[in-house]
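Shown here: upload01.cif, mmCIF, C-alpha atoms.
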```
data_input
#
loop_
_atom_site.label_atom_id
_atom_site.label_comp_id
_atom_site.auth_asym_id
_atom_site.auth_seq_id
_atom_site.Cartn_x
_atom_site.Cartn_y
_atom_site.Cartn_z
CA MET A 1 3.73 0.84 66.59
CA SER A 2 5.25 -0.89 69.58
CA ASN A 3 8.76 -0.28 70.85
CA TRP A 4 10.06 -3.69 69.69
CA GLN A 5 8.75 -3.11 66.18
CA GLN A 6 10.54 0.23 65.99
CA ILE A 7 13.78 -1.30 67.25
CA SER A 8 13.60 -4.18 64.77
CA GLN A 9 12.76 -1.77 61.95
CA ARG A 10 15.83 0.35 62.77
CA LEU A 11 18.06 -2.74 62.90
CA VAL A 12 16.83 -3.83 59.49
CA MET A 13 17.53 -0.35 58.12
CA VAL A 14 21.09 -0.44 59.48
CA GLY A 15 21.64 -3.86 57.89
CA GLN A 16 20.23 -2.66 54.59
CA LEU A 17 22.46 0.40 54.66
CA GLY A 18 25.53 -1.73 55.37
CA LEU A 19 24.84 -4.05 52.46
CA SER A 20 23.97 -1.16 50.19
CA LEU A 21 27.29 0.50 50.95
CA LEU A 22 29.36 -2.66 50.59
CA MET A 23 27.92 -4.24 47.45
CA PRO A 24 28.86 -1.63 44.79
CA LEU A 25 32.47 -1.71 45.96
CA VAL A 26 32.61 -5.51 46.03
CA LEU A 27 30.99 -5.82 42.59
CA CYS A 28 33.39 -3.32 41.02
CA LEU A 29 36.40 -5.07 42.53
CA LEU A 30 35.11 -8.46 41.34
CA ALA A 31 34.72 -7.03 37.85
CA CYS A 32 38.31 -5.79 38.02
CA PHE A 33 39.47 -9.22 39.17
CA TRP A 34 37.65 -10.81 36.24
CA LEU A 35 39.19 -8.33 33.81
CA ASN A 36 42.62 -9.00 35.28
CA THR A 37 42.43 -12.79 35.20
CA ARG A 38 40.42 -13.42 32.01
CA LEU A 39 41.52 -10.58 29.77
CA SER A 40 44.99 -9.96 31.26
CA ALA A 41 44.18 -6.37 32.09
CA PRO A 42 46.94 -4.49 33.98
CA LEU A 43 46.85 -4.23 37.75
CA TRP A 44 46.13 -0.48 37.67
CA ILE A 45 42.57 -1.42 36.62
CA TYR A 46 41.81 -1.89 40.32
CA LEU A 47 42.21 1.84 41.02
CA PRO A 48 39.36 3.01 38.74
CA GLY A 49 37.29 0.05 39.89
CA PHE A 50 37.80 1.02 43.52
CA LEU A 51 36.90 4.65 42.79
CA LEU A 52 33.78 3.66 40.85
CA GLY A 53 32.75 1.35 43.69
CA LEU A 54 33.20 4.14 46.23
CA GLY A 55 31.17 6.47 44.04
CA GLY A 56 28.38 3.93 43.85
CA SER A 57 28.48 3.46 47.61
CA PHE A 58 28.29 7.20 48.26
CA MET A 59 25.39 7.58 45.83
CA THR A 60 23.55 4.73 47.52
CA ALA A 61 24.15 6.27 50.95
CA TYR A 62 22.92 9.66 49.72
CA LYS A 63 19.71 8.20 48.29
CA PHE A 64 19.14 6.20 51.47
CA TRP A 65 19.60 9.36 53.54
CA LEU A 66 17.13 11.25 51.33
CA ARG A 67 14.54 8.49 51.75
CA VAL A 68 14.90 8.40 55.54
CA ARG A 69 14.75 12.19 55.72
CA LYS A 70 11.57 12.24 53.61
CA GLU A 71 9.95 9.63 55.84
CA GLU A 72 10.82 11.65 58.96
CA GLU A 73 9.39 14.84 57.45
CA GLU A 74 6.16 13.05 56.54
CA LYS A 75 5.98 11.66 60.06
CA GLN A 76 6.46 15.13 61.54
CA LYS A 77 3.79 16.62 59.25
CA LYS A 78 1.39 13.89 60.28
CA GLU A 79 2.00 14.50 63.99
CA GLY A 80 1.84 18.28 63.73
CA ARG A 81 5.32 19.69 64.08
CA PRO A 82 5.76 22.66 66.47
CA VAL A 83 7.09 25.95 65.10
CA SER A 84 10.84 26.24 65.58
CA PHE A 85 13.29 29.08 65.19
CA SER A 86 14.22 28.46 61.56
CA SER A 87 10.89 27.29 60.11
CA HIS A 88 7.72 29.27 60.64
CA ARG A 89 4.96 27.51 58.78
#
```
Kindly return the structure encoded in the file as structure tokens.
Amino acid sequence: MSNWQQISQRLVMVGQLGLSLLMPLVLCLLACFWLNTRLSAPLWIYLPGFLLGLGGSFMTAYKFWLRVRKEEEEKQKKEGRPVSFSSHR
């Protein structure tokens, strides 16, 4: 893979991560806004919505990190990883 392809792939991954972190929070806050305006829910409804959105964002970030880590491990296995101090395989 050429250098430009790797750079563009990393930029796409950063953009995907940014959207994946932002969207759960925005969707939860929009749901709270809808509940507040349409159903006259109290204003404190935004607090649980914000916390649920943050939880969704953290879960998305964790799963994204796991996927990237798995890809890196597969890449290292494919290339033949040297023996390091903490892993003797």
- Message: Between atom CA of Gln16 of chain A and atom CA of Phe64 of chain A, what is the distance in Å, rounded to a tenth?
- Response: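 Atom-to-atom, atom CA of Gln16 of chain A to atom CA of Phe64 of chain A, that is 9.5 Å.
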- Skipping near chain neighbours, those fewer than 6 positions away, what residues fall within 10 Å of Gly18 of chain A using all atoms listed in the file, listed as a PyMOL selection string? chain A and resi 12+57+61
Pull C-alpha atoms from the residues just selected and write them as a PDB file, keeping the file's coordinate frame.
```pdb
ATOM      1  CA  VAL A  12      16.830  -3.830  59.490  1.00  0.00           C
ATOM      2  CA  SER A  57      28.480   3.460  47.610  1.00  0.00           C
ATOM      3  CA  ALA A  61      24.150   6.270  50.950  1.00  0.00           C
TER       4      ALA A  61
END
```
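Each of A:Glu72, A:Glu79, A:Gly55, A:Leu29 was checked against Leu43 of chain A using only C-alpha atoms; the smallest atom-to-atom distance is that of A:Leu29.
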Report, as AutoDock Vina command-line options, the centre and edge lengths in Å (one decimal) of the axis-aligned box enclosing every listed atom of segment 69-82 of chain A, padded by 8 Å on each side.
```
--center_x 8.1 --center_y 16.1 --center_z 60.0 --size_x 29.4 --size_y 29.0 --size_z 28.9
```
- Item | Which residue of A:Gly53, A:Pro48, A:Pro42, A:Gly80 approaches Val26 of chain A most closely, using only C-alpha atoms |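 Answer, going by the shortest atom-to-atom distance: A:Gly53.
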- Between atom CA of Gly56 of chain A and atom CA of Lys70 of chain A, distance in Å (one decimal):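 A separation of 21.1 Å between them.
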- What's the 12 Å shell around Met59 of chain A, counting only C-alpha atoms, without same-chain residues fewer than 3 positions away, as a ChimeraX atom specification? /A:17,20-22,24-25,52-56,62-66
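In this model, the gap between atom CA of Ala31 of chain A and atom CA of Phe50 of chain A comes to 10.3 Å.
When all atoms listed in the file are used to compute distances to Leu51 of chain A, the closest of the residues A:Asn3, A:Leu35, A:Cys28, A:Ser8 turns out to be A:Cys28.
Using only C-alpha atoms, the shortest contact distance between Arg67 of chain A and any of A:Leu19, A:Leu30, A:Met13, A:Ala41 is found at A:Met13.
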- Query: For Arg10 of chain A, which residue out of A:Trp44, A:Val68, A:Met23, A:Cys32 is the nearest one, using all atoms listed in the file?
  - Reply: A:Val68
